[in-house]
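To start, the structure itself, in structure tokens.
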Amino acid sequence: MNHNPNKTELSRPGEAEEQSLYEIRREIYARAVGGWFARWRWALVILTQVVYYGGPWLVWNGRQAVLFDLVARKFYIFGIVFWPQDFIYLTGLLIISALSLFLFTAVAGRLWCGYACPQTVYTEIFMWIERKVEGDRPARMRLDEQPMSARKFGLKSAKHGLWLALSLWTGFTFVGYFTPIHQLAAEVAGFAAPAGQGGGPVLGPWEIFWILFYGFATYGNAGWMREQVCKYMCPYARFQSAMFDPDTLIITYDPERGEPRGARARNADTQSLGLGHCVDCDICVQVCPTGIDIRDGLQYECIGCAACIDGCNQVMSRMGYPKGLIRYTTENALRQKLTPREILARALRPRVLVYTAILWTIIIAIGVTLYTRVPLKVDVIRDRASLSREVEGRWVENIYQLQVMNTEEVPHRFTIRASGVQTLQVAGDEAVEIPGASTRMVPVRLRVETGKLPAGSHKIEFEVAASDNAAIVARERSIFLVR
């Protein structure tokens, strides 16, 4: 027998009961809403997209300001060039991001999810395009209920065309952070040029793959999956409750003020009717991008976008009731009737202070490290083919390879010296020229007079210093072998 996997069947006595493990997705038609939180949300949308789309086009010192050149293993961020040896800074950035998430969540819930998460940002943009093409919630619902027609096909095609164009531009921008975007634009123009009309360089297969992959991910996540990403794919929804406590600011419905809910005329006396301030209009549900009812209490599906606050406040204003039936508050504030000042005082609790102290300690430490960072790195590699040899009858010589990395974007002339044992000297040229943001393997021969050192290994130190800047100096230890 074939069974519908999305259907729960009632079994007869003695028969097994079959129950679906998955809920059928119902289409969510989020209603447009304005208000204080909506303006903040759109301000963050604009800010993040200006940074994202504009970042690759910025120029610094004649090259792309932000470029992660994986082929050359150089990462340019404005005036700083990072190398693979600077992996510690990436670790610090990840720790700062994690601690910031913990801190913001402990203070005010899912601020990241509601205002700055890429899934939220692009869903907001895609829904704006959808409303501009198909209309607001009632118009979209009527359109979807209609049979296919020329008008419906045209509207749907226009919407998906705009979605795809934005998605491909998003994928192109993403790849532009790893391939110089001006070069990438020329390659795309050459790739798209009609046959026989010339064009620029051919677009590489990996660039094509990532533009299409990232574009498809944007189109699928923001256009089709939307709230399903937040509800089922994002792990943050599952462990957010572990970071909440009774003094965390969350979006909350005030049941003491709102219940019992019910419809009424605008000028009706709520006391005589025995009703609370909630008019049961369902606006809070209609504007929610995940389709939940905040009046049912805190739910993991809530992304903290505060659209329900703006929607409810509009209704309260029209009814002549005070705003804030749905608001940012805490469990303790609702239960104990705390004032805003008392809520703020409880926000500065030990957990928050510890997060803040650790976060600022790491930020300051990384900032000081970056400020005092010497733009020179040296690695010493011994020549294993010739550990030690006698030359010219009176010298014991060891050969080394020095990998000298000039991490500044200006060329420097470096002087190589060695110390640690008597009569130690550098044989040959002691100076080397290294172009900006470049690395070079430099062969170095060290000599010690025969008989001055006993057989064995002896600790020495290399010093590489810029001739034009005494502050640029690096020291590395090694050993000198005598047989």
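Residues are named by chain letter and number: chains run A, B, ... in the order of the structure tokens, numbers start at 1 in each chain, and ligands are numbered from 1 in the order shown.
Near A:Val175, within 7 Å and counting only C-alpha atoms, sit A:Glu207, A:Trp210, A:Ile211, not including residues fewer than 6 positions from it in the same chain.
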Counting only C-alpha atoms, which residues of stretch 275-370 of chain A sit at most 12 Å from some atom of stretch 135-142 of chain A, and what is each one's closest atom pair with its distance in Å to one decimal, listed by chain and rising residue number, as a tab-separated table?
```
residue	atom	partner	partner_atom	distance
A:Ile283	CA	A:Arg137	CA	11.4
A:Gln286	CA	A:Arg137	CA	8.3
A:Val287	CA	A:Arg137	CA	9.1
A:Cys288	CA	A:Arg137	CA	11.7
A:Pro289	CA	A:Arg137	CA	11.8
```
Would you output that residue set with N, CA and C atoms, as a compact mmCIF listing (two decimals), in the first residue's frame?
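New file selection33.txt:
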```
# COMPACT_ATOMS: atom_id res chain seq x y z
N ILE A 283 -2.28 40.87 13.16
CA ILE A 283 -1.25 41.63 12.44
C ILE A 283 0.14 41.13 12.82
N GLN A 286 0.78 38.19 10.71
CA GLN A 286 0.86 38.48 9.28
C GLN A 286 2.19 39.12 8.88
N VAL A 287 2.80 39.89 9.78
CA VAL A 287 4.06 40.56 9.44
C VAL A 287 5.27 39.70 9.77
N CYS A 288 5.08 38.58 10.46
CA CYS A 288 6.21 37.76 10.90
C CYS A 288 6.79 36.98 9.73
N PRO A 289 8.09 37.10 9.45
CA PRO A 289 8.69 36.37 8.32
C PRO A 289 8.78 34.87 8.54
```
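Ranking A:Leu376, A:Ile303, A:Ala237, A:Ala217 by their shortest atom-to-atom distance to A:Val410, with only C-alpha atoms included, puts A:Leu376 first.
Among the candidate residues A:Val380, A:Val45, A:Ala150, A:Ile95, the one lying nearest to A:Trp360 is A:Ile95, with distances computed using only C-alpha atoms.
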Nearest to A:His412, restricted to only C-alpha atoms and choosing among A:Val473, A:Ala357, A:Leu168, A:Ala65, comes out as A:Val473
Where does DSSP see strand (DSSP E or B) in stretch 251-479 of chain A, if you list the residues as a ChimeraX atom specification? /A:251-253,326-329,376-382,389-391,395-406,412-419,425-427,431-434,438-449,456-466,469-479
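The list of residues with at least one atom within 8 Å of A:Leu67, based on only C-alpha atoms and without residues fewer than 5 positions apart in the same chain, reads Pro56, Phe75, Tyr76, Ile77, Gly176, Tyr177, Phe178, Thr179 and Pro180 of chain A.
Using only C-alpha atoms for every distance, the candidate list A:Arg349, A:Arg266, A:Val391, A:Tyr253 yields A:Tyr253 as the residue closest to A:Leu325.
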request  = Can you list, as a ChimeraX atom specification, all residues belonging to stretch 50-196 of chain A that DSSP tags as alpha helix (DSSP H)?
outcome  = /A:50-54,87-108,111-115,118-134,137-145,150-176,181-192
Pick out the residues sitting within 12 Å of stretch 47-49 of chain A, and hand them over as a PyMOL selection string; count only C-alpha atoms, and ignore anything fewer than 3 positions along from it in its own chain.
chain A and resi 40-44+52-56+115-118+120-122+124-125+166+169-170+173-174
